[in-house]
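So this block is my_file-v1.pdb, PDB, C-alpha atoms, pLDDT in the B column:
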ATOM      1  CA  MET A 119      14.055 -29.825   1.305  1.00 42.00           C
ATOM      2  CA  SER A 120      11.682 -32.429   2.681  1.00 43.00           C
ATOM      3  CA  TRP A 121      10.679 -35.220   0.307  1.00 40.00           C
ATOM      4  CA  GLU A 122       7.270 -35.437   2.009  1.00 56.00           C
ATOM      5  CA  LYS A 123       6.259 -31.960   0.829  1.00 85.00           C
ATOM      6  CA  TYR A 124       5.408 -30.583  -2.535  1.00 92.00           C
ATOM      7  CA  MET A 125       6.927 -27.318  -3.647  1.00 96.00           C
ATOM      8  CA  ILE A 126       5.212 -24.844  -5.925  1.00 97.00           C
ATOM      9  CA  TYR A 127       7.671 -23.765  -8.579  1.00 97.00           C
ATOM     10  CA  PHE A 128       7.882 -20.877 -11.003  1.00 98.00           C
ATOM     11  CA  ILE A 129       9.991 -21.888 -14.004  1.00 97.00           C
ATOM     12  CA  ARG A 130      10.846 -19.182 -16.497  1.00 96.00           C
ATOM     13  CA  SER A 131      11.337 -19.865 -20.162  1.00 94.00           C
ATOM     14  CA  TYR A 132      13.335 -17.164 -21.851  1.00 88.00           C
ATOM     15  CA  ASN A 133      10.655 -16.612 -24.449  1.00 78.00           C
ATOM     16  CA  LYS A 134       8.593 -14.708 -21.843  1.00 90.00           C
ATOM     17  CA  TYR A 135       6.559 -17.430 -20.169  1.00 97.00           C
ATOM     18  CA  ILE A 136       6.403 -18.808 -16.623  1.00 97.00           C
ATOM     19  CA  LYS A 137       5.269 -22.298 -15.686  1.00 97.00           C
ATOM     20  CA  ILE A 138       3.556 -22.503 -12.310  1.00 98.00           C
ATOM     21  CA  GLY A 139       3.510 -26.100 -11.160  1.00 97.00           C
ATOM     22  CA  ARG A 140       4.037 -28.486  -8.277  1.00 97.00           C
ATOM     23  CA  SER A 141       6.819 -30.996  -7.689  1.00 96.00           C
ATOM     24  CA  TYR A 142       8.736 -32.709  -4.915  1.00 94.00           C
ATOM     25  CA  ASP A 143      11.942 -31.409  -6.505  1.00 95.00           C
ATOM     26  CA  PRO A 144      11.575 -28.361  -8.770  1.00 96.00           C
ATOM     27  CA  SER A 145      15.175 -28.528 -10.039  1.00 95.00           C
ATOM     28  CA  ILE A 146      14.648 -32.079 -11.340  1.00 95.00           C
ATOM     29  CA  ARG A 147      11.304 -31.022 -12.827  1.00 96.00           C
ATOM     30  CA  CYS A 148      13.048 -28.155 -14.613  1.00 96.00           C
ATOM     31  CA  LYS A 149      15.660 -30.515 -16.058  1.00 96.00           C
ATOM     32  CA  THR A 150      12.891 -32.835 -17.271  1.00 95.00           C
ATOM     33  CA  LEU A 151      11.078 -29.954 -18.950  1.00 95.00           C
ATOM     34  CA  GLN A 152      14.347 -28.675 -20.440  1.00 94.00           C
ATOM     35  CA  THR A 153      14.789 -31.823 -22.540  1.00 93.00           C
ATOM     36  CA  GLY A 154      11.676 -30.891 -24.540  1.00 89.00           C
ATOM     37  CA  SER A 155      12.209 -27.138 -24.656  1.00 90.00           C
ATOM     38  CA  PRO A 156      14.085 -25.237 -27.357  1.00 91.00           C
ATOM     39  CA  VAL A 157      14.616 -22.299 -24.974  1.00 91.00           C
ATOM     40  CA  LYS A 158      16.528 -22.096 -21.683  1.00 95.00           C
ATOM     41  CA  LEU A 159      14.451 -22.839 -18.567  1.00 96.00           C
ATOM     42  CA  LYS A 160      15.299 -21.739 -15.043  1.00 96.00           C
ATOM     43  CA  VAL A 161      13.618 -22.139 -11.656  1.00 97.00           C
ATOM     44  CA  LYS A 162      12.979 -18.563 -10.497  1.00 97.00           C
ATOM     45  CA  ALA A 163      11.058 -19.115  -7.253  1.00 97.00           C
ATOM     46  CA  VAL A 164       9.706 -21.889  -5.047  1.00 97.00           C
ATOM     47  CA  LEU A 165       7.436 -22.036  -2.038  1.00 95.00           C
ATOM     48  CA  PRO A 166       5.899 -24.858  -0.027  1.00 94.00           C
ATOM     49  CA  GLY A 167       2.416 -25.760  -1.168  1.00 94.00           C
ATOM     50  CA  ASP A 168      -0.055 -28.377  -2.241  1.00 93.00           C
ATOM     51  CA  SER A 169      -2.568 -28.762  -5.058  1.00 93.00           C
ATOM     52  CA  LYS A 170      -4.827 -26.149  -3.421  1.00 94.00           C
ATOM     53  CA  THR A 171      -1.985 -23.610  -3.406  1.00 94.00           C
ATOM     54  CA  GLU A 172      -1.177 -24.383  -7.025  1.00 96.00           C
ATOM     55  CA  LYS A 173      -4.829 -24.002  -8.023  1.00 97.00           C
ATOM     56  CA  ALA A 174      -5.110 -20.704  -6.121  1.00 96.00           C
ATOM     57  CA  LEU A 175      -2.053 -19.355  -7.957  1.00 97.00           C
ATOM     58  CA  HIS A 176      -3.436 -20.471 -11.321  1.00 98.00           C
ATOM     59  CA  GLU A 177      -6.677 -18.642 -10.497  1.00 97.00           C
ATOM     60  CA  MET A 178      -4.813 -15.555  -9.244  1.00 97.00           C
ATOM     61  CA  PHE A 179      -2.932 -15.292 -12.540  1.00 97.00           C
ATOM     62  CA  SER A 180      -5.735 -16.540 -14.817  1.00 97.00           C
ATOM     63  CA  HIS A 181      -5.872 -13.162 -16.587  1.00 97.00           C
ATOM     64  CA  ILE A 182      -2.329 -13.773 -17.928  1.00 97.00           C
ATOM     65  CA  HIS A 183      -2.828 -17.498 -18.608  1.00 97.00           C
ATOM     66  CA  TYR A 184      -1.257 -18.691 -21.864  1.00 97.00           C
ATOM     67  CA  GLN A 185      -1.647 -22.469 -22.114  1.00 96.00           C
ATOM     68  CA  GLY A 186      -1.726 -25.376 -19.663  1.00 96.00           C
ATOM     69  CA  GLU A 187       0.348 -24.300 -16.653  1.00 96.00           C
ATOM     70  CA  TRP A 188       2.137 -21.552 -18.601  1.00 97.00           C
ATOM     71  CA  PHE A 189       1.522 -17.864 -17.951  1.00 98.00           C
ATOM     72  CA  ARG A 190       2.738 -14.703 -19.633  1.00 97.00           C
ATOM     73  CA  TYR A 191       5.747 -13.100 -17.919  1.00 96.00           C
ATOM     74  CA  THR A 192       4.398  -9.752 -16.715  1.00 95.00           C
ATOM     75  CA  ASP A 193       5.507  -7.240 -14.090  1.00 93.00           C
ATOM     76  CA  GLU A 194       2.801  -8.599 -11.796  1.00 94.00           C
ATOM     77  CA  LEU A 195       4.255 -12.111 -11.976  1.00 96.00           C
ATOM     78  CA  LYS A 196       7.847 -10.852 -11.875  1.00 95.00           C
ATOM     79  CA  PHE A 197       7.259  -8.962  -8.632  1.00 95.00           C
ATOM     80  CA  PHE A 198       5.309 -11.875  -7.127  1.00 96.00           C
ATOM     81  CA  MET A 199       8.304 -14.143  -7.744  1.00 97.00           C
ATOM     82  CA  ARG A 200      10.620 -11.490  -6.318  1.00 96.00           C
ATOM     83  CA  ALA A 201       8.415 -11.302  -3.203  1.00 96.00           C
ATOM     84  CA  ILE A 202       8.870 -15.068  -2.779  1.00 96.00           C
ATOM     85  CA  GLN A 203      12.635 -14.815  -3.281  1.00 95.00           C
ATOM     86  CA  GLU A 204      13.065 -11.938  -0.825  1.00 95.00           C
ATOM     87  CA  ASN A 205      10.665 -13.295   1.821  1.00 95.00           C
ATOM     88  CA  PRO A 206      11.317 -17.054   2.066  1.00 93.00           C
ATOM     89  CA  GLU A 207       9.714 -17.187   5.518  1.00 94.00           C
ATOM     90  CA  ILE A 208       6.324 -16.126   4.087  1.00 93.00           C
ATOM     91  CA  ASN A 209       4.230 -18.873   2.484  1.00 91.00           C
ATOM     92  CA  ASN A 210       0.811 -17.212   2.465  1.00 93.00           C
ATOM     93  CA  ILE A 211       0.021 -16.215  -1.114  1.00 93.00           C
ATOM     94  CA  SER A 212      -2.231 -13.319  -0.070  1.00 93.00           C
ATOM     95  CA  ASP A 213       0.601 -11.828   1.984  1.00 93.00           C
ATOM     96  CA  LEU A 214       3.033 -12.383  -0.883  1.00 95.00           C
ATOM     97  CA  GLN A 215       0.605 -10.705  -3.277  1.00 93.00           C
ATOM     98  CA  LYS A 216       0.445  -7.615  -1.015  1.00 91.00           C
ATOM     99  CA  ILE A 217       4.244  -7.490  -0.780  1.00 91.00           C
ATOM    100  CA  ALA A 218       4.527  -7.839  -4.563  1.00 93.00           C
ATOM    101  CA  LEU A 219       2.039  -5.007  -5.095  1.00 88.00           C
ATOM    102  CA  LYS A 220       4.005  -2.737  -2.785  1.00 87.00           C
ATOM    103  CA  MET A 221       7.223  -3.641  -4.633  1.00 88.00           C
ATOM    104  CA  ARG A 222       5.569  -2.774  -7.967  1.00 87.00           C
ATOM    105  CA  LEU A 223       4.380   0.561  -6.609  1.00 82.00           C
ATOM    106  CA  VAL A 224       7.850   1.374  -5.268  1.00 80.00           C
ATOM    107  CA  ALA A 225       9.394   0.561  -8.645  1.00 84.00           C
ATOM    108  CA  LYS A 226       6.792   2.680 -10.441  1.00 80.00           C
ATOM    109  CA  ALA A 227       7.343   5.603  -8.074  1.00 76.00           C
ATOM    110  CA  LYS A 228      11.109   5.431  -8.562  1.00 78.00           C
ATOM    111  CA  ARG A 229      10.690   5.428 -12.351  1.00 79.00           C
ATOM    112  CA  LEU A 230       8.504   8.533 -12.129  1.00 76.00           C
ATOM    113  CA  GLY A 231      11.056  10.496 -10.137  1.00 74.00           C
ATOM    114  CA  SER A 232      10.541  12.384  -6.901  1.00 72.00           C
ATOM    115  CA  ASN A 233       9.300  15.560  -8.626  1.00 75.00           C
ATOM    116  CA  HIS A 234       6.340  13.863 -10.268  1.00 71.00           C
ATOM    117  CA  LYS A 235       2.981  14.515  -8.548  1.00 73.00           C
ATOM    118  CA  LEU A 236       1.985  10.849  -8.750  1.00 72.00           C
ATOM    119  CA  TYR A 237       5.255   9.940  -6.996  1.00 69.00           C
ATOM    120  CA  LYS A 238       4.176  11.956  -3.955  1.00 70.00           C
ATOM    121  CA  ARG A 239       0.806  10.229  -3.836  1.00 71.00           C
ATOM    122  CA  LEU A 240       2.419   6.803  -4.198  1.00 69.00           C
ATOM    123  CA  ALA A 241       5.030   7.705  -1.602  1.00 67.00           C
ATOM    124  CA  ARG A 242       2.341   8.545   0.938  1.00 70.00           C
ATOM    125  CA  TYR A 243       0.480   5.339   0.120  1.00 67.00           C
ATOM    126  CA  ILE A 244       3.474   3.065   0.452  1.00 65.00           C
ATOM    127  CA  SER A 245       5.428   5.106   3.035  1.00 62.00           C
ATOM    128  CA  LEU A 246       8.430   5.917   0.851  1.00 48.00           C
ATOM    129  CA  THR A 247       8.983   9.275   2.519  1.00 41.00           C
TER     130      THR A 247
END
Structure re-expressed in structure tokens:
Amino acid sequence: MSWEKYMIYFIRSYNKYIKIGRSYDPSIRCKTLQTGSPVKLKVKAVLPGDSKTEKALHEMFSHIHYQGEWFRYTDELKFFMRAIQENPEINNISDLQKIALKMRLVAKAKRLGSNHKLYKRLARYISLT
């Protein structure tokens, strides 16, 4: 990792919250936060970014905002972090958001089962079949 670049981090607390922040070294930031936290913290995803990227992410997830830089851990945020993890070459948050949405739809379709009528509609939409 380059020390000249900030990284946007997603740190999960195991009481169902995610901190979206910016640091040169997210693992050190996590350790610093851990000293004041009664629950286990873990870096779940990172991507290159600056203050504009961080602000855009805070705005994107404002509907699940909890306090400060902490957000509620929802499926939307879970799949966004998974999109980052599985696509490290993609840094555009709009592209990551589209990938995360498709992942959520795939998961929903699989939970419904292939005989469900909504599954067939989702499958056509996301090209599962």
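Between CA of Tyr142 (chain A) and CA of Ser169 (chain A) the interatomic distance comes to 12.0 Å.
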Step by step: start from the point (14.3, -12.4, -10.1) in the file's coordinates, keep every protein, DNA or RNA residue that has an atom no farther than 12 Å from it, count all atoms listed in the file, and write the set as a ChimeraX atom specification. /A:128-130,160-164,191,193,195-204
Expected selection from the PyMOL selection byres ((chain A and resi 186) around 12), given as a list of chain:residue names: A:Tyr135, A:Ile136, A:Lys137, A:Ile138, A:Gly139, A:His176, A:Ser180, A:Ile182, A:His183, A:Tyr184, A:Gln185, A:Glu187, A:Trp188, A:Phe189, A:Arg190
Please measure the separation of CA of Pro144 (chain A) and CA of Tyr127 (chain A), giving the value in Å to one decimal. 6.0 Å
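When CA of Tyr124 (chain A) is paired with CA of Asp143 (chain A), their separation reads 7.7 Å.
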Box in all listed atoms of region 203-208 of chain A, axis-aligned, with 8 Å more on each side; write out centre and edge lengths in Å to one decimal as JSON.
{"center_x": 9.7, "center_y": -14.6, "center_z": 1.1, "size_x": 22.7, "size_y": 21.2, "size_z": 24.8}
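When the PyMOL selection byres ((chain A and resi 157) around 8) is evaluated against the file, it yields Ser131, Tyr132, Asn133, Gln152, Ser155, Pro156, Lys158 and Leu159 of chain A.
Shortest separation to Glu194 (chain A) among A:Asn233, A:Thr153, A:Gln215, A:Ser145 occurs at residue A:Gln215, atoms counted being only C-alpha atoms.
Candidate residues A:Ile146, A:Leu223, A:Ile211, A:Leu236 were compared for distance to Glu177 (chain A), and the nearest is A:Ile211, using all atoms listed in the file.
With all atoms listed in the file as the atoms that count, the minimum distance from Pro206 (chain A) to the choices A:Leu230, A:Met178, A:Met221, A:Leu165 is reached by A:Leu165.
When only C-alpha atoms are used to compute distances to Met125 (chain A), the closest of the residues A:Gly154, A:Gly167, A:Ala227, A:Cys148 turns out to be A:Gly167.
You can rank A:Lys134, A:Arg147, A:Lys226, A:Lys123 by their closest distance to Lys238 (chain A) using all atoms listed in the file, and at the top of that list sits A:Lys226.
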Restricting the calculation to all atoms listed in the file: of A:Ala218, A:Ser232, A:Ser212, A:Thr150, which residue gets closest to Ala174 (chain A)? A:Ser212
